[in-house]
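S.K.: One file is attached below, run_20.txt, containing compact mmCIF, C-alpha atoms and all ligand atoms.
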```txt
# COMPACT_ATOMS: atom_id res chain seq x y z
CA MET A 1 -40.07 -92.77 -27.44
CA ARG A 2 -37.02 -90.78 -26.31
CA ASN A 3 -36.42 -89.30 -29.79
CA CYS A 4 -39.79 -87.64 -29.97
CA ARG A 5 -41.90 -86.80 -26.95
CA ARG A 6 -45.30 -85.49 -27.93
CA ILE A 7 -46.93 -83.12 -25.47
CA ASP A 8 -50.09 -81.10 -25.90
CA PHE A 9 -49.51 -77.58 -24.61
CA THR A 10 -52.38 -75.97 -26.49
CA ILE A 11 -55.48 -74.46 -24.96
CA PRO A 12 -58.31 -74.94 -27.44
CA GLU A 13 -60.97 -73.44 -25.12
CA VAL A 14 -61.55 -69.81 -26.10
CA GLN A 15 -62.60 -68.79 -22.58
CA GLY A 16 -59.51 -70.47 -21.09
CA ARG A 17 -58.95 -73.25 -18.57
CA LYS A 18 -59.65 -73.03 -14.85
CA VAL A 19 -56.98 -74.36 -12.48
CA GLN A 20 -57.44 -74.72 -8.73
CA ILE A 21 -54.22 -74.49 -6.67
CA GLY A 22 -54.93 -74.77 -2.94
CA SER A 23 -57.30 -71.92 -2.16
CA ARG A 24 -56.31 -69.99 -5.31
CA THR A 25 -58.18 -70.17 -8.63
CA TYR A 26 -56.47 -69.31 -11.89
CA ILE A 27 -57.60 -69.01 -15.49
CA ILE A 28 -55.14 -69.83 -18.27
CA VAL A 29 -55.80 -68.43 -21.72
CA ALA A 30 -53.96 -68.74 -25.05
CA HIS A 31 -52.06 -65.65 -26.21
CA LYS A 32 -53.38 -63.41 -28.92
CA PRO A 33 -52.60 -63.48 -31.83
CA ARG A 34 -52.98 -67.22 -32.15
CA GLU A 35 -49.95 -67.64 -34.44
CA ALA A 36 -47.80 -69.00 -31.61
CA GLU A 37 -50.57 -71.37 -30.53
CA SER A 38 -50.61 -73.01 -33.99
CA ILE A 39 -46.83 -73.62 -33.70
CA ILE A 40 -47.23 -74.99 -30.16
CA LEU A 41 -49.81 -77.39 -31.64
CA GLN A 42 -46.93 -79.00 -33.60
CA LEU A 43 -45.66 -80.47 -30.32
CA LYS A 44 -48.61 -82.90 -30.33
CA TYR A 45 -47.11 -84.66 -33.34
CA ASP A 46 -43.85 -86.22 -34.44
CA THR A 47 -42.34 -83.22 -36.24
CA PRO A 48 -38.76 -81.90 -36.56
CA LEU A 49 -39.71 -79.21 -34.03
CA THR A 50 -40.90 -81.84 -31.50
CA ARG A 51 -37.72 -83.85 -32.05
CA LEU A 52 -35.56 -80.75 -31.53
CA ILE A 53 -37.31 -79.82 -28.27
CA THR A 54 -37.17 -83.42 -27.01
CA MET A 55 -33.43 -83.59 -27.68
CA ALA A 56 -32.78 -80.19 -26.11
CA SER A 57 -34.60 -81.19 -22.94
CA HIS A 58 -32.00 -83.88 -22.18
CA ASP A 59 -28.95 -82.91 -24.28
CA PRO A 60 -27.06 -79.83 -22.97
CA LEU A 61 -25.37 -79.10 -26.30
CA VAL A 62 -28.64 -79.06 -28.26
CA ARG A 63 -30.06 -76.91 -25.44
CA ALA A 64 -27.11 -74.51 -25.79
CA TRP A 65 -27.93 -74.22 -29.50
CA CYS A 66 -31.62 -73.53 -28.71
CA PHE A 67 -30.65 -70.59 -26.49
CA LEU A 68 -29.05 -68.74 -29.40
CA SER A 69 -31.37 -66.27 -31.08
CA TYR A 70 -32.41 -66.68 -34.72
CA GLU A 71 -30.62 -63.42 -35.63
CA ARG A 72 -27.35 -64.69 -34.20
CA LEU A 73 -27.31 -67.95 -36.13
CA ALA A 74 -29.55 -67.74 -39.14
CA GLU A 75 -30.48 -65.58 -42.05
CA GLU A 76 -33.30 -65.98 -44.59
CA SER A 77 -34.12 -69.60 -43.71
CA ASN A 78 -30.55 -70.83 -43.74
CA ILE A 79 -27.63 -71.26 -41.45
CA LYS A 80 -24.04 -70.43 -42.32
CA LEU A 81 -21.71 -71.58 -39.60
CA PRO A 82 -17.92 -71.72 -39.98
CA VAL A 83 -16.49 -74.28 -37.57
CA ILE A 84 -13.73 -72.24 -35.91
CA PRO A 85 -13.27 -73.19 -32.27
CA THR A 86 -9.52 -73.82 -32.53
CA ILE A 87 -8.84 -71.69 -35.59
CA ARG A 88 -6.85 -68.52 -35.14
CA LYS A 89 -7.89 -65.35 -36.89
CA ASP A 90 -4.38 -64.71 -38.26
CA SER A 91 -4.29 -68.05 -40.13
CA ILE A 92 -7.42 -66.95 -42.03
CA GLU A 93 -5.85 -63.55 -42.72
CA ILE A 94 -2.67 -65.15 -44.09
CA LYS A 95 -4.64 -67.54 -46.29
CA LYS A 96 -6.79 -64.72 -47.61
CA GLU A 97 -3.68 -62.68 -48.41
CA LYS A 98 -2.17 -65.63 -50.23
CA ILE A 99 -5.10 -66.09 -52.65
CA GLN A 100 -5.95 -62.40 -52.93
CA HIS A 101 -4.10 -61.84 -56.23
CA VAL A 102 -5.64 -64.82 -58.07
CA ALA A 103 -9.11 -63.99 -56.75
CA GLU A 104 -8.96 -60.31 -57.71
CA ARG A 105 -7.49 -60.99 -61.14
CA THR A 106 -10.02 -63.75 -61.90
CA LEU A 107 -12.85 -61.50 -60.89
CA LYS A 108 -11.58 -58.72 -63.14
CA GLU A 109 -10.99 -61.00 -66.14
CA VAL A 110 -14.29 -62.81 -65.82
CA GLU A 111 -16.06 -59.48 -65.55
CA THR A 112 -14.37 -58.21 -68.76
CA ILE A 113 -15.25 -61.40 -70.65
CA MET A 114 -18.82 -61.36 -69.40
CA ASN A 115 -19.19 -57.73 -70.47
CA ILE A 116 -17.83 -58.54 -73.92
CA ALA A 117 -20.03 -61.61 -74.20
CA TRP A 118 -23.11 -59.77 -73.05
CA SER A 119 -22.76 -56.69 -75.22
CA SER A 120 -21.57 -58.34 -78.44
CA PHE A 121 -23.69 -61.48 -78.29
CA SER A 122 -26.84 -59.66 -77.35
CA LYS A 123 -26.30 -57.25 -80.26
CA ALA A 124 -25.78 -60.17 -82.68
CA ILE A 125 -28.92 -61.89 -81.42
CA SER A 126 -31.15 -58.82 -81.48
CA ASP A 127 -29.97 -57.84 -85.01
CA LEU A 128 -30.80 -61.27 -86.36
CA VAL A 129 -34.10 -61.62 -84.55
CA ARG A 130 -35.19 -58.26 -85.94
CA GLU A 131 -34.22 -59.39 -89.45
CA TYR A 132 -36.04 -62.71 -88.98
CA MET A 133 -39.22 -60.95 -87.91
CA ARG A 134 -39.09 -58.65 -90.94
CA LYS A 135 -38.49 -61.48 -93.39
CA SER A 136 -41.00 -63.89 -91.89
CA GLU A 137 -43.64 -61.15 -92.12
CA LYS A 138 -43.01 -61.05 -95.89
CA LEU A 139 -43.28 -64.84 -96.01
CA ARG A 140 -46.54 -65.06 -94.08
CA HIS A 141 -48.44 -66.44 -97.15
CA GLU A 142 -45.65 -68.86 -98.08
CA ARG A 143 -45.56 -72.56 -97.27
CA GLY A 144 -43.72 -74.00 -94.27
CA LYS A 145 -40.63 -75.15 -96.16
CA LYS A 146 -39.56 -71.67 -97.11
CA LYS A 147 -39.98 -70.44 -93.53
CA GLU A 148 -37.93 -73.34 -92.26
CA TRP A 149 -35.17 -72.51 -94.72
CA LEU A 150 -35.20 -68.91 -93.53
CA PHE A 151 -34.93 -69.97 -89.89
CA ASN A 152 -32.03 -72.38 -90.57
CA ARG A 153 -30.23 -69.70 -92.54
CA LEU A 154 -30.57 -67.27 -89.66
CA MET A 155 -29.23 -69.81 -87.15
CA GLU A 156 -26.18 -70.37 -89.35
CA ARG A 157 -25.60 -66.64 -89.49
CA LEU A 158 -25.99 -66.35 -85.74
CA GLU A 159 -23.32 -69.01 -85.18
CA TYR A 160 -21.07 -67.17 -87.62
CA ARG A 161 -21.62 -63.80 -85.89
CA ILE A 162 -20.80 -65.33 -82.50
CA SER A 163 -17.62 -66.96 -83.78
CA CYS A 164 -16.61 -63.58 -85.30
CA GLU A 165 -17.19 -61.90 -81.92
CA ILE A 166 -15.09 -64.52 -80.17
CA ALA A 167 -12.31 -64.05 -82.74
CA ARG A 168 -12.51 -60.27 -82.34
CA HIS A 169 -11.97 -60.60 -78.55
CA LYS A 170 -9.42 -63.39 -78.85
CA ASP A 171 -6.78 -61.30 -77.06
CA GLU A 172 -8.81 -60.78 -73.89
CA ILE A 173 -9.78 -64.43 -73.72
CA GLU A 174 -6.23 -65.55 -74.38
CA ARG A 175 -4.86 -63.20 -71.73
CA PHE A 176 -7.03 -64.87 -69.09
CA TYR A 177 -6.05 -68.30 -70.39
CA ASN A 178 -2.34 -67.42 -70.09
CA PHE A 179 -2.87 -66.13 -66.58
CA MET A 180 -4.48 -69.42 -65.52
CA GLU A 181 -1.68 -71.36 -67.18
CA ALA A 182 1.00 -69.33 -65.39
CA TRP A 183 -0.62 -70.20 -62.05
CA GLY A 184 -1.21 -73.81 -63.06
CA LEU A 185 -4.94 -73.47 -62.46
CA SER A 186 -7.97 -74.68 -64.38
CA PHE A 187 -10.92 -72.37 -65.02
CA VAL A 188 -12.96 -74.13 -62.31
CA GLU A 189 -10.09 -73.76 -59.82
CA THR A 190 -9.76 -70.02 -60.40
CA ILE A 191 -13.51 -69.53 -59.90
CA ARG A 192 -13.32 -71.65 -56.73
CA ILE A 193 -10.46 -69.54 -55.35
CA THR A 194 -12.56 -66.43 -55.92
CA GLU A 195 -15.42 -68.02 -53.97
CA ILE A 196 -13.14 -69.06 -51.11
CA HIS A 197 -11.66 -65.58 -50.99
CA SER A 198 -15.06 -64.01 -50.55
CA VAL A 199 -15.99 -66.59 -47.90
CA LEU A 200 -12.79 -65.85 -45.94
CA SER A 201 -13.39 -62.10 -46.19
CA GLU A 202 -16.91 -62.55 -44.82
CA LEU A 203 -15.61 -64.81 -42.06
CA LEU A 204 -13.01 -62.22 -41.01
CA GLU A 205 -15.68 -59.52 -40.90
CA ASN A 206 -17.86 -61.69 -38.65
CA PHE A 207 -15.08 -63.42 -36.72
CA GLU A 208 -15.93 -61.97 -33.31
CA LYS A 209 -19.63 -62.69 -33.76
CA ILE A 210 -18.95 -66.34 -34.65
CA LYS A 211 -16.45 -66.68 -31.82
CA SER A 212 -19.12 -65.43 -29.40
CA ILE A 213 -21.46 -68.20 -30.61
CA TYR A 214 -18.83 -70.80 -29.67
CA GLU A 215 -18.18 -69.11 -26.33
CA HIS A 216 -21.89 -69.31 -25.62
CA MET A 217 -21.97 -73.02 -26.46
CA ALA A 218 -18.83 -73.83 -24.44
CA ASP A 219 -20.22 -71.98 -21.41
CA ALA A 220 -23.61 -73.65 -21.78
CA ILE A 221 -22.08 -77.14 -21.64
CA CYS A 222 -19.73 -76.11 -18.78
CA ALA A 223 -16.58 -76.56 -20.89
CA LYS A 224 -13.56 -74.30 -21.49
CA GLN A 225 -13.87 -74.78 -25.24
CA ILE A 226 -16.14 -76.64 -27.59
CA THR A 227 -14.42 -78.99 -30.07
CA ALA A 228 -14.97 -79.41 -33.82
CA LEU A 229 -16.06 -82.98 -33.10
CA GLU A 230 -18.77 -81.81 -30.70
CA ILE A 231 -20.05 -79.35 -33.30
CA GLN A 232 -20.06 -82.12 -35.88
CA GLU A 233 -22.10 -84.33 -33.55
CA LEU A 234 -24.54 -81.51 -32.80
CA LEU A 235 -25.07 -80.70 -36.49
CA SER A 236 -25.47 -84.40 -37.32
CA LYS A 237 -28.22 -84.72 -34.71
CA LEU A 238 -29.99 -81.64 -36.08
CA GLU A 239 -29.81 -83.10 -39.57
CA GLU A 240 -30.98 -86.58 -38.55
CA SER A 241 -34.00 -85.14 -36.81
CA GLY A 242 -34.97 -83.09 -39.88
CA VAL A 243 -34.33 -79.70 -38.21
CA LEU A 244 -31.69 -78.89 -40.85
CA TYR A 245 -31.61 -80.12 -44.44
CA GLY A 246 -29.90 -79.43 -47.77
CA ILE A 247 -26.49 -79.50 -46.15
CA ILE A 248 -23.35 -78.24 -47.90
CA ILE A 249 -19.95 -78.42 -46.24
CA THR A 250 -16.98 -76.70 -47.82
CA SER A 251 -13.63 -77.65 -46.32
CA VAL A 252 -10.63 -75.45 -47.02
CA CYS A 253 -7.04 -76.12 -45.97
CA LEU A 254 -5.72 -72.96 -44.30
CA MET A 255 -2.04 -73.85 -44.82
CA PRO A 256 -0.90 -70.85 -46.90
CA SER A 257 0.50 -72.68 -49.93
CA CYS A 258 -1.90 -75.62 -49.96
CA ARG A 259 -4.75 -75.46 -52.48
CA PHE A 260 -6.87 -78.25 -51.06
CA ASN A 261 -10.60 -77.61 -50.84
CA VAL A 262 -13.57 -79.90 -51.17
CA THR A 263 -17.36 -79.65 -50.98
CA SER A 264 -19.55 -82.42 -49.60
CA TYR A 265 -23.30 -82.73 -49.12
CA ASN A 266 -23.62 -84.72 -45.94
CA ILE A 267 -22.02 -84.80 -42.52
CA VAL A 268 -20.00 -87.95 -42.29
CA GLU A 269 -17.01 -86.32 -40.77
CA PHE A 270 -15.55 -82.84 -40.88
CA PRO A 271 -12.03 -83.26 -42.24
CA GLN A 272 -9.57 -82.31 -39.48
CA LYS A 273 -6.43 -83.15 -41.39
CA CYS A 274 -5.68 -82.05 -44.96
CA PRO A 275 -5.39 -85.13 -47.23
CA PHE A 276 -3.05 -83.11 -49.46
CA CYS A 277 -0.43 -81.55 -47.14
CA ARG A 278 -1.32 -83.43 -43.90
CA GLY A 279 -1.62 -80.04 -42.16
CA GLU A 280 -4.12 -79.77 -39.30
CA ASN A 281 -5.58 -76.42 -40.11
CA MET A 282 -8.81 -77.21 -41.89
CA LEU A 283 -11.65 -74.75 -42.01
CA ASN A 284 -15.08 -76.35 -42.40
CA LEU A 285 -17.92 -74.12 -43.52
CA PHE A 286 -21.35 -75.47 -42.78
CA TYR A 287 -24.46 -74.37 -44.70
CA ALA A 288 -27.97 -75.73 -44.29
CA TRP A 289 -31.66 -74.88 -44.60
CA ILE A 290 -33.90 -74.73 -41.54
CA GLN A 291 -37.16 -76.66 -41.51
CA PRO A 292 -40.02 -74.08 -41.81
CA ASP A 293 -41.87 -74.89 -38.52
CA VAL A 294 -38.59 -74.74 -36.58
CA LYS A 295 -37.77 -71.46 -38.29
CA ASN A 296 -41.15 -69.95 -37.35
CA ALA A 297 -40.84 -71.08 -33.73
CA TRP A 298 -37.29 -69.82 -33.58
CA GLU A 299 -38.13 -66.41 -35.06
CA LEU A 300 -40.99 -65.97 -32.60
CA GLY A 301 -38.58 -66.77 -29.75
CA LEU A 302 -40.62 -69.84 -28.72
CA ILE A 303 -37.86 -72.45 -28.77
CA PRO A 304 -36.16 -71.74 -25.40
CA GLU A 305 -39.50 -71.66 -23.56
CA MET A 306 -40.54 -74.91 -25.23
CA VAL A 307 -37.28 -76.52 -24.05
CA VAL A 308 -37.83 -75.34 -20.46
CA ALA A 309 -41.48 -76.54 -20.46
CA TYR A 310 -40.29 -79.98 -21.64
CA MET A 311 -37.59 -80.11 -18.97
CA PHE A 312 -40.05 -79.68 -16.11
CA TYR A 313 -43.06 -81.46 -17.58
CA ASP A 314 -42.62 -84.80 -15.85
CA LYS A 315 -40.79 -83.87 -12.65
CA ASP A 316 -42.39 -85.68 -9.71
CA TRP A 317 -43.09 -82.40 -7.87
CA VAL A 318 -44.87 -80.83 -10.83
CA LYS A 319 -48.65 -80.99 -11.15
CA SER A 320 -48.97 -79.24 -14.55
CA VAL A 321 -47.01 -77.05 -16.97
CA TYR A 322 -48.39 -74.39 -19.32
CA LEU A 323 -46.40 -73.01 -22.21
CA HIS A 324 -46.67 -69.45 -23.57
CA LYS A 325 -49.97 -68.54 -21.94
CA ALA A 326 -51.74 -65.64 -20.27
CA LEU A 327 -52.44 -66.12 -16.56
CA GLN A 328 -55.33 -64.60 -14.69
CA GLN A 329 -56.44 -65.11 -11.12
CA LEU A 330 -59.98 -65.17 -9.75
CA ILE A 331 -60.07 -63.35 -6.45
CA ASP A 332 -63.22 -61.29 -5.73
CA SER A 333 -63.37 -60.18 -9.30
CA SER A 334 -60.85 -61.52 -11.78
CA THR A 335 -57.42 -59.89 -12.03
CA SER A 336 -56.03 -58.72 -15.38
CA SER A 337 -54.10 -61.33 -17.30
CA VAL A 338 -50.32 -61.44 -17.63
CA LYS A 339 -48.42 -63.14 -20.46
CA LEU A 340 -45.88 -65.68 -19.24
CA ASP A 341 -43.46 -68.09 -20.91
CA VAL A 342 -43.69 -71.17 -18.68
CA ILE A 343 -46.12 -71.57 -15.79
CA ILE A 344 -45.58 -74.48 -13.39
CA PHE A 345 -48.18 -75.52 -10.83
CA THR A 346 -46.59 -77.71 -8.17
CA LYS A 347 -48.15 -80.60 -6.28
CA ASN A 348 -47.64 -78.69 -3.02
CA GLY A 349 -49.77 -75.77 -4.25
CA LYS A 350 -47.18 -73.30 -5.51
CA VAL A 351 -47.08 -71.27 -8.73
CA ILE A 352 -43.63 -71.03 -10.30
CA VAL A 353 -43.01 -68.92 -13.39
CA ILE A 354 -40.00 -69.28 -15.69
CA GLU A 355 -39.30 -66.52 -18.17
CA VAL A 356 -36.68 -67.20 -20.85
CA THR A 357 -34.70 -65.01 -23.20
CA THR A 358 -31.89 -65.39 -25.72
CA HIS A 359 -30.69 -61.91 -24.73
CA ARG A 360 -27.19 -61.71 -23.27
CA ASP A 361 -26.87 -57.99 -22.62
CA GLU A 362 -27.15 -57.36 -18.89
CA SER A 363 -28.84 -53.96 -19.15
CA VAL A 364 -31.47 -55.24 -21.62
CA ILE A 365 -32.15 -58.20 -19.31
CA MET A 366 -32.51 -56.01 -16.21
CA ARG A 367 -34.91 -53.64 -17.95
CA SER A 368 -37.03 -56.48 -19.19
CA ILE A 369 -37.18 -58.22 -15.81
CA GLU A 370 -38.20 -54.98 -14.09
CA ARG A 371 -41.02 -54.60 -16.60
CA LYS A 372 -42.14 -58.19 -16.05
CA VAL A 373 -42.16 -57.93 -12.25
CA LYS A 374 -44.15 -54.70 -12.49
CA THR A 375 -46.68 -56.22 -14.88
CA ILE A 376 -47.21 -59.23 -12.62
CA GLN A 377 -47.62 -56.97 -9.56
CA GLU A 378 -50.05 -54.66 -11.32
CA SER A 379 -52.13 -57.57 -12.62
CA GLY A 380 -52.80 -58.72 -9.06
CA VAL A 381 -51.92 -62.32 -10.02
CA CYS A 382 -50.24 -64.10 -7.14
CA ILE A 383 -47.16 -66.23 -7.88
CA ASP A 384 -44.58 -67.80 -5.55
CA ALA A 385 -41.34 -67.52 -7.53
CA LEU A 386 -40.07 -66.16 -10.82
CA PHE A 387 -36.96 -67.47 -12.58
CA TYR A 388 -35.42 -65.52 -15.40
CA VAL A 389 -33.32 -67.81 -17.62
CA THR A 390 -31.04 -65.82 -19.94
CA SER A 391 -28.12 -66.29 -22.37
CA ALA A 392 -25.97 -63.81 -20.45
CA PRO A 393 -22.47 -64.83 -19.30
CA PHE A 394 -23.27 -64.50 -15.56
CA GLN A 395 -20.73 -66.40 -13.45
CA ARG A 396 -23.31 -67.21 -10.78
CA TYR A 397 -27.07 -67.17 -10.59
CA PHE A 398 -28.47 -64.70 -8.08
CA GLN A 399 -31.56 -63.50 -6.31
CA TYR A 400 -32.75 -60.24 -7.81
CA ILE A 401 -35.53 -59.41 -5.32
CA GLU A 402 -37.21 -61.19 -2.41
CA GLU A 403 -40.51 -59.33 -2.34
CA PRO A 404 -43.35 -59.40 -3.42
CA PHE A 405 -42.17 -62.76 -4.73
CA SER A 406 -38.74 -64.30 -5.04
CA VAL A 407 -37.01 -63.53 -8.36
CA TRP A 408 -33.86 -65.34 -9.51
CA ILE A 409 -31.69 -64.67 -12.57
CA LEU A 410 -29.69 -67.39 -14.29
CA GLY A 411 -27.28 -67.26 -17.22
CA ARG A 412 -25.98 -69.53 -19.97
CA ARG A 413 -23.60 -71.28 -17.56
CA HIS A 414 -26.63 -72.68 -15.75
CA LEU A 415 -28.36 -74.16 -18.80
CA ALA A 416 -26.63 -77.55 -18.60
CA LYS A 417 -28.09 -78.26 -15.16
CA LEU A 418 -31.00 -75.85 -15.28
CA ASP A 419 -33.53 -78.19 -13.63
CA GLU A 420 -31.11 -79.05 -10.81
CA HIS A 421 -30.36 -75.37 -10.10
CA ILE A 422 -34.03 -74.43 -10.04
CA GLU A 423 -34.94 -77.37 -7.81
CA TYR A 424 -32.09 -76.48 -5.44
CA ILE A 425 -33.27 -72.85 -5.18
CA LEU A 426 -36.90 -73.87 -4.66
CA LYS A 427 -35.92 -76.25 -1.84
CA LYS A 428 -33.71 -73.62 -0.25
CA GLN A 429 -36.63 -71.18 -0.37
CA GLN A 430 -38.87 -73.86 1.15
CA LEU A 431 -41.14 -73.74 -1.85
CA LEU A 432 -40.75 -77.48 -2.52
ZN ZN A 501 -3.41 -78.73 -47.07
```
Could you rewrite the structure in this file as structure tokens?
Ligand SMILES: [Zn+2]
M.R.:
Amino acid sequence: MRNCRRIDFTIPEVQGRKVQIGSRTYIIVAHKPREAESIILQLKYDTPLTRLITMASHDPLVRAWCFLSYERLAEESNIKLPVIPTIRKDSIEIKKEKIQHVAERTLKEVETIMNIAWSSFSKAISDLVREYMRKSEKLRHERGKKKEWLFNRLMERLEYRISCEIARHKDEIERFYNFMEAWGLSFVETIRITEIHSVLSELLENFEKIKSIYEHMADAICAKQITALEIQELLSKLEESGVLYGIIITSVCLMPSCRFNVTSYNIVEFPQKCPFCRGENMLNLFYAWIQPDVKNAWELGLIPEMVVAYMFYDKDWVKSVYLHKALQQLIDSSTSSVKLDVIIFTKNGKVIVIEVTTHRDESVIMRSIERKVKTIQESGVCIDALFYVTSAPFQRYFQYIEEPFSVWILGRRHLAKLDEHIEYILKKQQLL
């Protein structure tokens, strides 16, 4: 089934698995701690994680999504993603400015009323409860009827006290009411404007970060820009496969004097045009929860390596693929083991390693690749090629070193045709 391809990448044997490649003998062992192994086990079943990885292995846009780190997209089990590919920052600034007054005033008034309500009502309640306790203590030998009368009497007095408090603060409440009337807004509308204001403020603060997410996705599908429709399709797929759930979409018209906003709970279509003013400046804010297994895999950085393992699993030149394992070689005595993301044994007796990262900072990537090459060399394990697949905006992929084994670095622009690029390089290097 194309929607869910179940593959068993686990190694249940504690002592590891022996693999013979030509004259070389390797041992493959599961990583310690075994937390990752229990997530990898999910891929044996039809789970949201398996569906996500299956999709990403053949759909470049889902793959682009998978190569974004958890920190970049998510927070505390949920995703907040404003759909902004064609939206200009200044239109958000103008809209925010336009609703600033109502939002600030509402916040102030509601705060005053809440303070009044809290202090006066809580005093009324605590006074009466104290009195009730005192009186009911005196009535402890009395029959039920008298106690019931006492309770009803107290409730009546509580209602009276509250109505007195409301009357006492009539001016403050009326002032807010007049303000809403002057703006032609209902109470719900004023609260909603306050919410939208805070959402726009947050969006402006994070504008560059969100823009960089869309740049990543556009690059990773080899496009100049990603469209709102493509994002809608991507999010729909993630929802249908159970990766995301509990969806809320708030759509706000960014035309300065238009008040249209609506909240929906499923992705049918992101509104592109405002039904109120017909303007085409709609901001759609997407919120959703992430399925727990996907979240765990994502946080551990396992998703990109899972995608790559799936992409190469059934290539006709591949003998076997191992995901997130430690590799050891048996020479005279065994070498020390080295942790690798994806290990591919080819039918023509080669060992190809693919390391993946959601990092995009060139210096971080270079440091990490140097460390990896050194670890492999020091372990004594013999491999034929190492590919380092990153989320960096490299224009071209390039060979980093030739010896002791060939190392190539690829960026997000190469994700869409990752398998083709790697096959091309391997053939050019006469490794295939
Ligand atoms: Zn509008």
S.K.: Please report, as a Markdown table, each residue of chain A lying at most 9 Å from ligand ZN 501 (chain A), together with the nearest pair of atoms and the separation in Å rounded to one decimal; use only C-alpha atoms and all ligand atoms, and order rows by chain and ascending residue number.
M.R.:
```
| residue | atom | partner | partner_atom | distance |
| --- | --- | --- | --- | --- |
| A:Val252 | CA | A:ZN501 | ZN | 7.9 |
| A:Cys253 | CA | A:ZN501 | ZN | 4.6 |
| A:Leu254 | CA | A:ZN501 | ZN | 6.8 |
| A:Met255 | CA | A:ZN501 | ZN | 5.5 |
| A:Pro256 | CA | A:ZN501 | ZN | 8.3 |
| A:Ser257 | CA | A:ZN501 | ZN | 7.8 |
| A:Cys258 | CA | A:ZN501 | ZN | 4.5 |
| A:Arg259 | CA | A:ZN501 | ZN | 6.5 |
| A:Phe260 | CA | A:ZN501 | ZN | 5.3 |
| A:Asn261 | CA | A:ZN501 | ZN | 8.2 |
| A:Lys273 | CA | A:ZN501 | ZN | 7.8 |
| A:Cys274 | CA | A:ZN501 | ZN | 4.5 |
| A:Pro275 | CA | A:ZN501 | ZN | 6.7 |
| A:Phe276 | CA | A:ZN501 | ZN | 5.0 |
| A:Cys277 | CA | A:ZN501 | ZN | 4.1 |
| A:Arg278 | CA | A:ZN501 | ZN | 6.0 |
| A:Gly279 | CA | A:ZN501 | ZN | 5.4 |
| A:Glu280 | CA | A:ZN501 | ZN | 7.9 |
| A:Asn281 | CA | A:ZN501 | ZN | 7.6 |
| A:Met282 | CA | A:ZN501 | ZN | 7.6 |
```
S.K.: Skipping near chain neighbours, those fewer than 6 positions away, what residues fall within 8 Å of A:Gln232 using all atoms listed in the file, listed as a list in words?
M.R.: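 Listed by chain and then number, they are Ile267, Glu269 and Phe270 of chain A.
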S.K.: Which residues of stretch 230-345 of chain A have any atom within 12 Å of an atom in stretch 21-28 of chain A when counting only C-alpha atoms, and what is the closest pair of atoms for each, with the distance in Å to one decimal? Order the rows by chain and rising number and write it as JSON lines.
M.R.:
```
{"residue": "A:Lys319", "atom": "CA", "partner": "A:Ile21", "partner_atom": "CA", "distance": 9.7}
{"residue": "A:Ser320", "atom": "CA", "partner": "A:Ile21", "partner_atom": "CA", "distance": 10.6}
{"residue": "A:Val321", "atom": "CA", "partner": "A:Ile28", "partner_atom": "CA", "distance": 11.0}
{"residue": "A:Tyr322", "atom": "CA", "partner": "A:Ile28", "partner_atom": "CA", "distance": 8.2}
{"residue": "A:Leu323", "atom": "CA", "partner": "A:Ile28", "partner_atom": "CA", "distance": 10.1}
{"residue": "A:His324", "atom": "CA", "partner": "A:Ile28", "partner_atom": "CA", "distance": 10.0}
{"residue": "A:Lys325", "atom": "CA", "partner": "A:Ile28", "partner_atom": "CA", "distance": 6.5}
{"residue": "A:Ala326", "atom": "CA", "partner": "A:Ile28", "partner_atom": "CA", "distance": 5.8}
{"residue": "A:Leu327", "atom": "CA", "partner": "A:Ile28", "partner_atom": "CA", "distance": 4.9}
{"residue": "A:Gln328", "atom": "CA", "partner": "A:Ile27", "partner_atom": "CA", "distance": 5.0}
{"residue": "A:Gln329", "atom": "CA", "partner": "A:Tyr26", "partner_atom": "CA", "distance": 4.3}
{"residue": "A:Leu330", "atom": "CA", "partner": "A:Thr25", "partner_atom": "CA", "distance": 5.4}
{"residue": "A:Ile331", "atom": "CA", "partner": "A:Thr25", "partner_atom": "CA", "distance": 7.4}
{"residue": "A:Asp332", "atom": "CA", "partner": "A:Thr25", "partner_atom": "CA", "distance": 10.6}
{"residue": "A:Ser333", "atom": "CA", "partner": "A:Thr25", "partner_atom": "CA", "distance": 11.3}
{"residue": "A:Ser334", "atom": "CA", "partner": "A:Tyr26", "partner_atom": "CA", "distance": 8.9}
{"residue": "A:Thr335", "atom": "CA", "partner": "A:Tyr26", "partner_atom": "CA", "distance": 9.5}
{"residue": "A:Ser336", "atom": "CA", "partner": "A:Ile27", "partner_atom": "CA", "distance": 10.4}
{"residue": "A:Ser337", "atom": "CA", "partner": "A:Ile28", "partner_atom": "CA", "distance": 8.6}
{"residue": "A:Val338", "atom": "CA", "partner": "A:Ile28", "partner_atom": "CA", "distance": 9.7}
{"residue": "A:Lys339", "atom": "CA", "partner": "A:Ile28", "partner_atom": "CA", "distance": 9.7}
{"residue": "A:Leu340", "atom": "CA", "partner": "A:Ile28", "partner_atom": "CA", "distance": 10.2}
{"residue": "A:Val342", "atom": "CA", "partner": "A:Ile28", "partner_atom": "CA", "distance": 11.5}
{"residue": "A:Ile343", "atom": "CA", "partner": "A:Ile28", "partner_atom": "CA", "distance": 9.5}
{"residue": "A:Ile344", "atom": "CA", "partner": "A:Ile21", "partner_atom": "CA", "distance": 10.9}
{"residue": "A:Phe345", "atom": "CA", "partner": "A:Ile21", "partner_atom": "CA", "distance": 7.4}
```
S.K.: Pick out the residues sitting within 12 Å of A:Gln42, and hand them over as a list in words; count only C-alpha atoms, and ignore anything fewer than 5 positions along from it in its own chain.
M.R.: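 Near neighbours after the sequence-gap exclusion: Cys4, Arg5, Arg6, Ile7, Asp8, Phe9, Thr10, Glu35, Ala36, Glu37, Thr47, Pro48, Leu49, Thr50, Arg51, Leu52, Ile53, Pro292, Asp293, Val294, Asn296, Ala297 and Met306 of chain A.
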